Amino acid sequence: MREVLNDIQPDVVHVHNLYPLLSPSILAPCHEKHVPIVMTCHNYRLICPIGTHYRNGHVCELCVGGKEYWCLLKNCRNNFIESGAYFVRNAVARKSEYYSKFIATMIVPSKFSKKRLVESGFDGSRITTLPHMISEKEKIPHCGDESYVAFAGRICPEKGIQTLLNAARSFRHPIRLAGDYSDVPDFVTSAPSNVEFLGFLGQESLDDFYRGARFLIMPSVCLEVFGLSAGEAMSHGLPVIASRIGGLAEVVDDGVTGFLVRPGDANELAEKMKLLWENRELCESMGRAGREKTLVEFSEDIYFERLMEIYKKAIKSKELTKQQGRAKKREIRS
């Protein structure tokens with residue numbers, strides 16, 4: 001990292017996920033070279049060793065507030081050696097104050113994720129909310145007679161797949177899921193006949209998938225940091241039915257761009273699915289509202305402008321710190 005800094009001499013370093021390929025140790029050389037660091041927190045890794053706040057089918061917040069040892073005690077990785085390593089990794093980084101000493105600004109994609117960090121002891125004045133960027137898509141008419149309900153994302157328990165399958169049994173219309181399901185074959189074998197698992201889709205195929213859908217469902221039972229699939233579907237003009245949990249409520253406006261439902265409530269999910277399926281006018285008006293929201297709040301141009309402002313403030317803050325340091329040294333010498 002020192003060699004890279006010497007070669008490039010950057011104005012700012014933007015850090016994303018440090019694990020598993022890197023570690024907080026790369027922050028120290030940046031600090032030594034007086035290069036300001038901006039860090040995007042895509043998950044809860046700084047306060048939850050496994051990054052999800054989810055364990056054994058439920059939201060888990062035992063590690064919040066410097067209690068990483070619960071990762072080992074609860075064996076969150078289902079392997080005591082791995083769980084112990086995750087616990088030690090987080091504890092060392094926290095006690096060494098890597099993040100508080102070296103990072104100028106933390107970026108989080110939602111107010112909810114900022115709240116979680118602040119409640120865990122991080123300085124809120126150094127945390128900036130910047131929603132994820134959603135690329136503008138050409139609007140394609142949907143709600144056709146042969147359309148289906150869509151799900152896109154990881155096929156895993158915390159995404160509420162079981163809730164979706166339970167709701168599907170009383171919904172009866174086509175539901176298609178895009179995402180890798182190889183780790184959870186039980187979901188496929190237990191799914192009702194109106195549910196189809198498509199597997200992983202590349203971006204072009206995923207765009208076609210959104211265009212053919214009537215609306216998207218995101219029935220997560222975990223503390224979603226943002227809800228990128230919801231934003232992407234909205235950019236295609238699709239309304240979204242999502243769980244009222246985590247940062248999803250900041251993406252989906254209940255009754256405007258879609259509906260928010262209680263996490264894990266299959267009956268309420270099925271009720272809202274039927275309402276949207278049977279009401280074409282409501283479906284299309286919510287889709288228009290969702291697309292407008294992505295253009296106004298999540299566009300590439302807006303993201304770029306806000307990111308540049310964050311960089312400028314970080315650089316200015318670092319320069320001010322350097323000036324204060326030089327002034328203090330002169331005062332000591334005098």
# chains A, B, ... in the order shown; residues from 1 in each chain; ligands from 1
call {"tool": "select_by_dssp", "arguments": {"residues": "stretch 59-178 of chain A", "states": "strand (DSSP E)", "output": "MDAnalysis selection string"}}
result
chainID A and resid 59 105:108 127:129 148:152 175:178
call {"tool": "residues_around", "arguments": {"residues": "A:Val12", "least_positions_apart": "3", "cutoff": "10 Å", "atoms": "only C-alpha atoms", "output": "PDB file with C-alpha atoms, in the first residue's frame"}}
result
ATOM      1  CA  GLN A   9       0.130  10.128  -4.836  1.00  0.00           C
ATOM      2  CA  VAL A  15     -12.108   2.095   0.649  1.00  0.00           C
ATOM      3  CA  CYS A  30      -2.690   6.317   4.126  1.00  0.00           C
ATOM      4  CA  HIS A  34      -1.674  12.298   5.152  1.00  0.00           C
ATOM      5  CA  VAL A  35      -4.041  10.961   2.497  1.00  0.00           C
ATOM      6  CA  PRO A  36      -7.707  11.289   3.591  1.00  0.00           C
ATOM      7  CA  ILE A  37      -9.718   8.072   3.621  1.00  0.00           C
ATOM      8  CA  VAL A  38     -13.371   7.713   2.648  1.00  0.00           C
ATOM      9  CA  ALA A 104     -12.159  10.909   7.527  1.00  0.00           C
ATOM     10  CA  TYR A 311     -14.205  13.804  -1.399  1.00  0.00           C
ATOM     11  CA  LYS A 312     -13.710  17.586  -1.252  1.00  0.00           C
ATOM     12  CA  ALA A 314     -12.512  14.875   3.316  1.00  0.00           C
ATOM     13  CA  ILE A 315      -9.527  16.513   1.606  1.00  0.00           C
ATOM     14  CA  LYS A 318      -7.328  16.452   6.280  1.00  0.00           C
TER      15      LYS A 318
END
call {"tool": "residues_around", "arguments": {"residues": "A:Phe215", "least_positions_apart": "2", "cutoff": "7 Å", "atoms": "only C-alpha atoms", "output": "list in words"}}
result
Val149, Ala150, Ala213, Ile217, Leu238, Pro239 and Val240 of chain A
call {"tool": "write_last_selection", "arguments": {"atoms": "N, CA and C atoms", "output": "mmCIF file, in the first residue's frame"}}
result
data_model
loop_
_atom_site.group_PDB
_atom_site.id
_atom_site.type_symbol
_atom_site.label_atom_id
_atom_site.label_comp_id
_atom_site.auth_asym_id
_atom_site.auth_seq_id
_atom_site.Cartn_x
_atom_site.Cartn_y
_atom_site.Cartn_z
ATOM 1 N N VAL A 149 -44.855 -12.099 -11.405
ATOM 2 C CA VAL A 149 -44.292 -11.401 -10.255
ATOM 3 C C VAL A 149 -42.823 -11.781 -10.148
ATOM 4 N N ALA A 150 -41.969 -10.822 -9.842
ATOM 5 C CA ALA A 150 -40.529 -11.056 -9.848
ATOM 6 C C ALA A 150 -39.913 -10.960 -8.454
ATOM 7 N N ALA A 213 -41.824 -8.268 -15.970
ATOM 8 C CA ALA A 213 -42.533 -8.465 -14.707
ATOM 9 C C ALA A 213 -43.620 -7.420 -14.492
ATOM 10 N N ILE A 217 -41.230 -8.296 -5.647
ATOM 11 C CA ILE A 217 -41.409 -8.497 -4.214
ATOM 12 C C ILE A 217 -40.041 -8.685 -3.565
ATOM 13 N N LEU A 238 -41.375 -0.553 -12.228
ATOM 14 C CA LEU A 238 -42.114 -1.574 -11.490
ATOM 15 C C LEU A 238 -42.378 -1.115 -10.066
ATOM 16 N N PRO A 239 -43.604 -1.287 -9.569
ATOM 17 C CA PRO A 239 -43.833 -1.086 -8.135
ATOM 18 C C PRO A 239 -43.175 -2.213 -7.352
ATOM 19 N N VAL A 240 -42.958 -1.989 -6.064
ATOM 20 C CA VAL A 240 -42.261 -2.971 -5.232
ATOM 21 C C VAL A 240 -43.046 -3.221 -3.949
#
call {"tool": "closest_residue", "arguments": {"among": "A:Leu198, A:Ile161, A:Val188, A:Leu282", "to": "A:Leu269", "atoms": "only C-alpha atoms"}}
result
A:Ile161
call {"tool": "select_by_dssp", "arguments": {"residues": "stretch 119-175 of chain A", "states": "alpha helix (DSSP H)", "output": "number ranges by chain"}}
result
A: 119, 161-171
call {"tool": "write_last_selection", "arguments": {"atoms": "C-alpha atoms", "output": "mmCIF file, in the first residue's frame"}}
result
data_model
loop_
_atom_site.group_PDB
_atom_site.id
_atom_site.type_symbol
_atom_site.label_atom_id
_atom_site.label_comp_id
_atom_site.auth_asym_id
_atom_site.auth_seq_id
_atom_site.Cartn_x
_atom_site.Cartn_y
_atom_site.Cartn_z
ATOM 1 C CA GLU A 119 -25.698 3.370 18.345
ATOM 2 C CA ILE A 161 -37.869 -16.893 0.523
ATOM 3 C CA GLN A 162 -39.946 -19.094 2.818
ATOM 4 C CA THR A 163 -42.389 -16.221 3.334
ATOM 5 C CA LEU A 164 -42.590 -15.810 -0.438
ATOM 6 C CA LEU A 165 -43.293 -19.515 -0.979
ATOM 7 C CA ASN A 166 -46.000 -19.475 1.690
ATOM 8 C CA ALA A 167 -47.647 -16.455 0.080
ATOM 9 C CA ALA A 168 -47.389 -18.054 -3.366
ATOM 10 C CA ARG A 169 -49.653 -20.931 -2.314
ATOM 11 C CA SER A 170 -52.639 -18.612 -2.017
ATOM 12 C CA PHE A 171 -51.612 -16.222 -4.803
#
call {"tool": "atom_distance", "arguments": {"atom1": "atom CA of A:Ala178", "atom2": "atom CA of A:Gly287"}}
result
19.9 Å
call {"tool": "closest_atom_pairs", "arguments": {"of": "stretch 187-303 of chain A", "to": "stretch 40-55 of chain A", "cutoff": "7 Å", "atoms": "only C-alpha atoms", "output": "tab-separated table"}}
result
residue	atom	partner	partner_atom	distance
A:Cys222	CA	A:Tyr54	CA	6.2
A:Leu223	CA	A:His53	CA	6.8
A:Val225	CA	A:Asn43	CA	6.3
call {"tool": "residues_around", "arguments": {"residues": "A:Thr294", "least_positions_apart": "4", "cutoff": "7 Å", "atoms": "only C-alpha atoms", "output": "mmCIF file with C-alpha atoms, in the first residue's frame"}}
result
data_model
loop_
_atom_site.group_PDB
_atom_site.id
_atom_site.type_symbol
_atom_site.label_atom_id
_atom_site.label_comp_id
_atom_site.auth_asym_id
_atom_site.auth_seq_id
_atom_site.Cartn_x
_atom_site.Cartn_y
_atom_site.Cartn_z
ATOM 1 C CA ILE A 134 -29.311 3.284 -9.847
ATOM 2 C CA GLY A 231 -34.279 0.372 -6.662
ATOM 3 C CA MET A 234 -38.280 0.838 -9.719
ATOM 4 C CA SER A 235 -35.973 2.220 -12.404
ATOM 5 C CA GLY A 290 -41.052 4.562 -8.408
ATOM 6 C CA PHE A 298 -30.730 7.664 -7.029
ATOM 7 C CA SER A 299 -29.473 8.784 -10.460
#
call {"tool": "residues_around", "arguments": {"residues": "stretch 253-258 of chain A", "least_positions_apart": "2", "cutoff": "12 Å", "atoms": "only C-alpha atoms", "output": "JSON, numbers by chain"}}
result
{"A": [214, 215, 216, 217, 218, 230, 231, 233, 234, 235, 237, 238, 239, 240, 241, 242, 243, 244, 247, 248, 249, 250, 251, 260, 261, 262, 269, 272, 273, 275, 276, 282, 283, 284, 285, 286, 287, 288, 289, 290, 291, 292, 293, 294]}
call {"tool": "write_last_selection", "arguments": {"atoms": "N, CA and C atoms", "output": "compact mmCIF listing (two decimals), in the first residue's frame"}}
result
# COMPACT_ATOMS: atom_id res chain seq x y z
N ARG A 214 -44.59 -7.77 -13.67
CA ARG A 214 -45.65 -6.82 -13.31
C ARG A 214 -45.22 -6.00 -12.10
N PHE A 215 -44.61 -6.64 -11.13
CA PHE A 215 -44.05 -5.91 -9.98
C PHE A 215 -43.03 -6.82 -9.31
N LEU A 216 -42.26 -6.25 -8.38
CA LEU A 216 -41.20 -6.98 -7.67
C LEU A 216 -41.60 -7.16 -6.22
N ILE A 217 -41.23 -8.30 -5.65
CA ILE A 217 -41.41 -8.50 -4.21
C ILE A 217 -40.04 -8.69 -3.56
N MET A 218 -39.88 -8.09 -2.38
CA MET A 218 -38.62 -8.18 -1.64
C MET A 218 -38.98 -8.44 -0.18
N ALA A 230 -34.74 -3.55 -5.20
CA ALA A 230 -35.95 -2.73 -5.22
C ALA A 230 -35.73 -1.48 -6.07
N GLY A 231 -34.58 -0.82 -5.88
CA GLY A 231 -34.28 0.37 -6.66
C GLY A 231 -34.15 0.08 -8.15
N ALA A 233 -35.59 -2.37 -9.81
CA ALA A 233 -36.93 -2.66 -10.35
C ALA A 233 -37.71 -1.36 -10.55
N MET A 234 -37.60 -0.44 -9.60
CA MET A 234 -38.28 0.84 -9.72
C MET A 234 -37.79 1.63 -10.92
N SER A 235 -36.50 1.51 -11.25
CA SER A 235 -35.97 2.22 -12.40
C SER A 235 -36.58 1.72 -13.70
N GLY A 237 -39.72 0.98 -13.84
CA GLY A 237 -41.13 1.31 -13.77
C GLY A 237 -41.98 0.27 -13.08
N LEU A 238 -41.38 -0.55 -12.23
CA LEU A 238 -42.11 -1.57 -11.49
C LEU A 238 -42.38 -1.12 -10.07
N PRO A 239 -43.60 -1.29 -9.57
CA PRO A 239 -43.83 -1.09 -8.14
C PRO A 239 -43.17 -2.21 -7.35
N VAL A 240 -42.96 -1.99 -6.06
CA VAL A 240 -42.26 -2.97 -5.23
C VAL A 240 -43.05 -3.22 -3.95
N ILE A 241 -43.20 -4.48 -3.61
CA ILE A 241 -43.74 -4.86 -2.31
C ILE A 241 -42.56 -5.37 -1.48
N ALA A 242 -42.25 -4.68 -0.40
CA ALA A 242 -41.07 -5.01 0.39
C ALA A 242 -41.41 -5.09 1.87
N SER A 243 -40.56 -5.74 2.62
CA SER A 243 -40.73 -5.82 4.07
C SER A 243 -40.40 -4.47 4.70
N ARG A 244 -41.13 -4.15 5.75
CA ARG A 244 -40.84 -2.93 6.49
C ARG A 244 -39.72 -3.23 7.49
N GLY A 247 -33.27 -0.66 5.83
CA GLY A 247 -33.31 0.51 4.96
C GLY A 247 -34.33 0.44 3.85
N LEU A 248 -35.11 -0.64 3.76
CA LEU A 248 -36.07 -0.79 2.67
C LEU A 248 -37.14 0.30 2.68
N ALA A 249 -37.50 0.77 3.88
CA ALA A 249 -38.53 1.81 3.97
C ALA A 249 -38.04 3.14 3.41
N GLU A 250 -36.75 3.29 3.22
CA GLU A 250 -36.21 4.51 2.62
C GLU A 250 -36.18 4.43 1.10
N VAL A 251 -36.35 3.23 0.56
CA VAL A 251 -36.37 3.03 -0.88
C VAL A 251 -37.81 2.97 -1.38
N LEU A 260 -45.30 -1.63 1.85
CA LEU A 260 -44.44 -2.21 2.86
C LEU A 260 -45.29 -3.16 3.71
N VAL A 261 -44.77 -4.34 3.99
CA VAL A 261 -45.51 -5.35 4.75
C VAL A 261 -44.68 -5.82 5.93
N ARG A 262 -45.32 -6.43 6.89
CA ARG A 262 -44.61 -6.95 8.05
C ARG A 262 -43.68 -8.09 7.65
N LEU A 269 -48.41 -10.32 2.74
CA LEU A 269 -47.70 -10.27 1.46
C LEU A 269 -48.62 -10.74 0.33
N LYS A 272 -51.29 -8.05 -0.54
CA LYS A 272 -50.80 -6.93 -1.34
C LYS A 272 -50.46 -7.37 -2.77
N MET A 273 -49.96 -8.60 -2.92
CA MET A 273 -49.68 -9.12 -4.25
C MET A 273 -50.96 -9.21 -5.08
N LEU A 275 -53.70 -7.48 -4.63
CA LEU A 275 -54.18 -6.12 -4.88
C LEU A 275 -53.50 -5.50 -6.09
N LEU A 276 -52.18 -5.63 -6.17
CA LEU A 276 -51.46 -5.06 -7.30
C LEU A 276 -51.74 -5.83 -8.59
N LEU A 282 -53.49 1.00 -10.59
CA LEU A 282 -52.68 1.23 -9.40
C LEU A 282 -51.25 0.76 -9.63
N CYS A 283 -51.11 -0.41 -10.24
CA CYS A 283 -49.79 -0.97 -10.53
C CYS A 283 -48.97 -0.02 -11.39
N GLU A 284 -49.60 0.52 -12.43
CA GLU A 284 -48.88 1.40 -13.35
C GLU A 284 -48.57 2.75 -12.72
N SER A 285 -49.48 3.29 -11.90
CA SER A 285 -49.22 4.59 -11.26
C SER A 285 -48.10 4.48 -10.24
N MET A 286 -48.07 3.38 -9.49
CA MET A 286 -46.98 3.17 -8.54
C MET A 286 -45.66 2.96 -9.27
N GLY A 287 -45.71 2.27 -10.41
CA GLY A 287 -44.51 2.08 -11.20
C GLY A 287 -43.94 3.40 -11.69
N ARG A 288 -44.82 4.30 -12.14
CA ARG A 288 -44.36 5.63 -12.59
C ARG A 288 -43.74 6.40 -11.44
N ALA A 289 -44.36 6.33 -10.26
CA ALA A 289 -43.84 7.04 -9.09
C ALA A 289 -42.48 6.50 -8.68
N GLY A 290 -42.33 5.17 -8.77
CA GLY A 290 -41.05 4.56 -8.41
C GLY A 290 -39.95 4.95 -9.37
N ARG A 291 -40.27 4.95 -10.64
CA ARG A 291 -39.26 5.35 -11.63
C ARG A 291 -38.84 6.80 -11.43
N GLU A 292 -39.81 7.66 -11.15
CA GLU A 292 -39.51 9.07 -10.91
C GLU A 292 -38.60 9.23 -9.69
N LYS A 293 -38.85 8.44 -8.66
CA LYS A 293 -38.02 8.54 -7.45
C LYS A 293 -36.57 8.15 -7.76
N THR A 294 -36.37 7.10 -8.54
CA THR A 294 -34.99 6.71 -8.86
C THR A 294 -34.28 7.80 -9.66
call {"tool": "decode", "arguments": {"residues": "stretch 224-315 of chain A", "atoms": "C-alpha atoms", "output": "short mmCIF file (atom, residue, chain, number, x, y, z; two decimals), in the first residue's frame"}}
result
data_model
loop_
_atom_site.label_atom_id
_atom_site.label_comp_id
_atom_site.auth_asym_id
_atom_site.auth_seq_id
_atom_site.Cartn_x
_atom_site.Cartn_y
_atom_site.Cartn_z
CA GLU A 224 -31.42 -4.71 4.73
CA VAL A 225 -28.85 -1.93 4.41
CA PHE A 226 -30.56 -0.46 1.33
CA GLY A 227 -32.41 -2.73 -1.10
CA LEU A 228 -30.66 -2.44 -4.45
CA SER A 229 -32.99 -4.88 -6.22
CA ALA A 230 -35.95 -2.73 -5.22
CA GLY A 231 -34.28 0.37 -6.66
CA GLU A 232 -33.37 -1.40 -9.88
CA ALA A 233 -36.93 -2.66 -10.35
CA MET A 234 -38.28 0.84 -9.72
CA SER A 235 -35.97 2.22 -12.40
CA HIS A 236 -37.78 -0.09 -14.85
CA GLY A 237 -41.13 1.31 -13.77
CA LEU A 238 -42.11 -1.57 -11.49
CA PRO A 239 -43.83 -1.09 -8.14
CA VAL A 240 -42.26 -2.97 -5.23
CA ILE A 241 -43.74 -4.86 -2.31
CA ALA A 242 -41.07 -5.01 0.39
CA SER A 243 -40.73 -5.82 4.07
CA ARG A 244 -40.84 -2.93 6.49
CA ILE A 245 -37.37 -3.62 7.81
CA GLY A 246 -33.92 -2.01 7.73
CA GLY A 247 -33.31 0.51 4.96
CA LEU A 248 -36.07 -0.79 2.67
CA ALA A 249 -38.53 1.81 3.97
CA GLU A 250 -36.21 4.51 2.62
CA VAL A 251 -36.37 3.03 -0.88
CA VAL A 252 -40.03 2.01 -1.10
CA ASP A 253 -42.63 4.64 -0.15
CA ASP A 254 -45.61 2.77 1.27
CA GLY A 255 -48.74 3.40 -0.79
CA VAL A 256 -46.82 5.50 -3.35
CA THR A 257 -44.14 3.43 -5.08
CA GLY A 258 -45.40 0.12 -3.71
CA PHE A 259 -46.28 -1.40 -0.36
CA LEU A 260 -44.44 -2.21 2.86
CA VAL A 261 -45.51 -5.35 4.75
CA ARG A 262 -44.61 -6.95 8.05
CA PRO A 263 -41.50 -9.15 7.76
CA GLY A 264 -42.40 -12.83 7.69
CA ASP A 265 -46.15 -12.21 7.27
CA ALA A 266 -47.11 -14.37 4.28
CA ASN A 267 -50.80 -13.47 4.52
CA GLU A 268 -50.20 -9.73 4.28
CA LEU A 269 -47.70 -10.27 1.46
CA ALA A 270 -50.21 -12.36 -0.51
CA GLU A 271 -52.93 -9.75 0.09
CA LYS A 272 -50.80 -6.93 -1.34
CA MET A 273 -49.68 -9.12 -4.25
CA LYS A 274 -53.32 -9.82 -5.17
CA LEU A 275 -54.18 -6.12 -4.88
CA LEU A 276 -51.46 -5.06 -7.30
CA TRP A 277 -52.05 -7.95 -9.70
CA GLU A 278 -55.75 -7.20 -10.01
CA ASN A 279 -55.47 -3.40 -10.17
CA ARG A 280 -53.65 -2.49 -13.37
CA GLU A 281 -54.12 1.27 -12.94
CA LEU A 282 -52.68 1.23 -9.40
CA CYS A 283 -49.79 -0.97 -10.53
CA GLU A 284 -48.88 1.40 -13.35
CA SER A 285 -49.22 4.59 -11.26
CA MET A 286 -46.98 3.17 -8.54
CA GLY A 287 -44.51 2.08 -11.20
CA ARG A 288 -44.36 5.63 -12.59
CA ALA A 289 -43.84 7.04 -9.09
CA GLY A 290 -41.05 4.56 -8.41
CA ARG A 291 -39.26 5.35 -11.63
CA GLU A 292 -39.51 9.07 -10.91
CA LYS A 293 -38.02 8.54 -7.45
CA THR A 294 -34.99 6.71 -8.86
CA LEU A 295 -34.40 9.53 -11.35
CA VAL A 296 -34.66 12.22 -8.68
CA GLU A 297 -32.89 10.54 -5.74
CA PHE A 298 -30.73 7.66 -7.03
CA SER A 299 -29.47 8.78 -10.46
CA GLU A 300 -25.83 8.47 -11.56
CA ASP A 301 -25.45 12.26 -11.88
CA ILE A 302 -26.76 12.91 -8.38
CA TYR A 303 -24.54 10.17 -6.95
CA PHE A 304 -21.49 11.59 -8.71
CA GLU A 305 -22.13 15.15 -7.50
CA ARG A 306 -22.63 14.08 -3.90
CA LEU A 307 -19.61 11.77 -3.96
CA MET A 308 -17.37 14.57 -5.25
CA GLU A 309 -18.58 16.81 -2.41
CA ILE A 310 -17.70 14.08 0.09
CA TYR A 311 -14.21 13.80 -1.40
CA LYS A 312 -13.71 17.59 -1.25
CA LYS A 313 -14.79 17.77 2.38
CA ALA A 314 -12.51 14.87 3.32
CA ILE A 315 -9.53 16.51 1.61
#
